[in-house]
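Here is the structure we will look at.
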Amino acid sequence: MDKVVLAFSGGLDTSVCVKLLEEKYDVEVITACVDVGQGDEEIAKAEKMAKEIGGYKHYTIDAKEEFANEYIARGIKANAEYEGYPLSTALARPLIAQKIIDIAKKEGATAIAHGCTGKGNDQFRFEAVILAMSDLDIIAPIRELNLTRTEEQAYAAEKGIKLNSDKIYSIDENIWGRSIEGDILEDPANEPPEEIYAWTASAEDALDTPQKVSIEFEEGIPVAINGEMMPLIDIIKEANKIAGENGIGRVDTIENRMIGLKSRETYEVPGAKLLIAAHQALEELVLTTDELRFAEYMSTLYADLVYRALWQEPLREDIDQAIDHMQRRVSGEVTMKLFKGSIAPLTRESPFSLHSIEQITFEDKETDQREVGGMIKYHGLQAANYQKLNR
């Protein structure tokens, strides 16, 4: 009997996939959960569900540090936001897929299975990496059998699979963010209930006193928060806590999915919003005008590649190289002010600052103002000639 490794979370989709793979595809199932910061409770739930459904061989792979240092770090340096929100799920999928490939090769499996539907983006993100980085077959039971959530719940009840919740929200969580969709959230006319949020206070319930947070960067990567040096993964955790209690990081958007559907999506990305905002504030101080324009273009392109499941695209690697070169000077410290959902820079310092107090001050006489007259005379010369012709 062929072995199949199932990317397993213990949620509705992947739980029913276990039995579907056995009954409909006649394969031996090995479950695997890649820990990118879902939380100890979710990891334990996956292990428990795998055991209860059938006592399958189950892998738990701790990839949190690798996710922070090799993926989130790149996302921060690139200011990777898609349609206004920092990418979290999309950034984690290539790493998860690669870890599942490694397990499949170790186990001698012939295929990898996932629980993605045929309407979302994750099917692309998993399968693009699997196709690029292995010769394994791919099985997608939910998509291939065209199942709805309600049908999945009925199947789970029929097979005695005890689900942890009767809600049909689809939640994906890692250390960089949470995405929540499904149930009443599918209709943009419905207000998101407060119960869906776990990391953030509402702006109304946020702290009543403004809070100052300092972030120190070295070559574009956060290395300290409020003066305390710590690993990036710990900075992210602290940033999530601080920004979340200040009502920062809630995103409710109509997203344009890869297959062309518009989808109402809700996200919690408090730490990501704080760290990216601080990073951009520092870039404004140390990068030239043209570098900032090019960085903005690269950021949009980079986020689009990641979102569209093109992590393996050579252009993504090329952009990383260009960004890394520019980030050599993005070192320094930024203090941000957080209050009731708002975030703004207060102070910025860097040894690579291109800001000159001596040149910008109104008291400066060394920079002779009279010399600018000649510059103005020829500024927009062609436009002036064009307007004269029209007159």
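Chains: A, B, ... in order of the structure tokens. Residues: from 1 per chain. Ligands: from 1, in order shown.
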Return as a Markdown table the residues of segment 180-292 of chain A lying at most 12 Å from segment 124-145 of chain A, together with the closest atom-to-atom pair for each and the distance in Å to one decimal, counting only C-alpha atoms, with rows in chain order and ascending residue number.
| residue | atom | partner | partner_atom | distance |
| --- | --- | --- | --- | --- |
| A:Arg257 | CA | A:Phe124 | CA | 11.0 |
| A:Met258 | CA | A:Phe124 | CA | 8.6 |
| A:Ile259 | CA | A:Phe124 | CA | 9.8 |
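Using only C-alpha atoms, the residues found no farther than 7 Å from Lys45 of chain A, other than those of its own chain fewer than 4 positions away, are A:Gly10, A:Glu41, A:Met49.
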### Query
If you run DSSP on this backbone, which residues of segment 94-311 of chain A come out as strand (DSSP E or B), and could you give them as a ChimeraX atom specification?
/A:111-113,137-139,170-174,177-181,211-218,221-225,228-229,250-256,262-268
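With only C-alpha atoms as the atoms that count, the residue of A:Gln327, A:Ser350, A:Thr200, A:Thr289 with the shortest distance to Lys273 of chain A is A:Thr200.
Residues in contact range of Pro231 of chain A, defined as at most 12 Å between only C-alpha atoms, with sequence neighbours fewer than 5 positions away removed, read Lys64, Glu65, Glu66, Ala68, Asn69, Ala73, Phe217, Ile221, Pro222, Val223, Ala224, Ile225, Ile236, Lys237 and Glu238 of chain A.
Shortest atom-to-atom contact with Ile248 of chain A among A:Ser353, A:Ser342, A:Asn226, A:Thr288: A:Ser342, counting only C-alpha atoms.
Shell of Ala243 of chain A at 8 Å, with only C-alpha atoms counted and residues fewer than 4 places along the chain excluded, is Thr200, Ala239, Gly247, Ile248, Gly249, Pro270, Gly271, Leu274 and Leu338 of chain A.
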Export of prior selection with all heavy atoms as a compact mmCIF listing (two decimals), in the first residue's frame:
# COMPACT_ATOMS: atom_id res chain seq x y z
N THR A 200 -5.82 41.01 19.52
CA THR A 200 -5.94 42.46 19.52
C THR A 200 -7.17 42.93 20.29
O THR A 200 -8.23 42.31 20.25
CB THR A 200 -6.06 43.00 18.08
OG1 THR A 200 -7.18 42.38 17.44
CG2 THR A 200 -4.80 42.71 17.29
N ALA A 239 6.22 42.31 20.19
CA ALA A 239 5.55 43.30 19.34
C ALA A 239 4.07 42.95 19.19
O ALA A 239 3.21 43.85 19.18
CB ALA A 239 6.22 43.35 17.97
N GLY A 247 -4.66 48.12 20.31
CA GLY A 247 -5.69 48.13 19.26
C GLY A 247 -5.17 48.20 17.85
O GLY A 247 -5.88 48.63 16.93
N ILE A 248 -3.94 47.75 17.64
CA ILE A 248 -3.30 47.82 16.32
C ILE A 248 -3.28 46.43 15.69
O ILE A 248 -3.00 45.44 16.37
CB ILE A 248 -1.88 48.37 16.43
CG1 ILE A 248 -1.95 49.85 16.79
CG2 ILE A 248 -1.07 48.17 15.15
CD1 ILE A 248 -0.66 50.40 17.33
N GLY A 249 -3.57 46.35 14.40
CA GLY A 249 -3.37 45.10 13.68
C GLY A 249 -4.61 44.41 13.17
O GLY A 249 -4.51 43.34 12.57
N PRO A 270 -0.84 42.41 14.56
CA PRO A 270 -0.38 43.57 15.35
C PRO A 270 1.12 43.78 15.31
O PRO A 270 1.60 44.89 15.02
CB PRO A 270 -0.87 43.23 16.77
CG PRO A 270 -1.04 41.74 16.78
CD PRO A 270 -1.47 41.38 15.39
N GLY A 271 1.90 42.73 15.61
CA GLY A 271 3.36 42.86 15.61
C GLY A 271 3.91 43.19 14.24
O GLY A 271 4.84 43.98 14.09
N LEU A 274 3.43 46.84 13.48
CA LEU A 274 4.36 47.68 14.25
C LEU A 274 5.77 47.61 13.66
O LEU A 274 6.41 48.65 13.43
CB LEU A 274 4.38 47.22 15.71
CG LEU A 274 5.47 47.81 16.60
CD1 LEU A 274 5.42 49.33 16.62
CD2 LEU A 274 5.37 47.25 18.02
N LEU A 338 2.03 54.48 19.89
CA LEU A 338 0.84 53.67 19.67
C LEU A 338 -0.30 54.20 20.53
O LEU A 338 -0.12 54.45 21.72
CB LEU A 338 1.11 52.20 20.04
CG LEU A 338 2.43 51.57 19.58
CD1 LEU A 338 2.49 50.13 20.03
CD2 LEU A 338 2.59 51.68 18.08
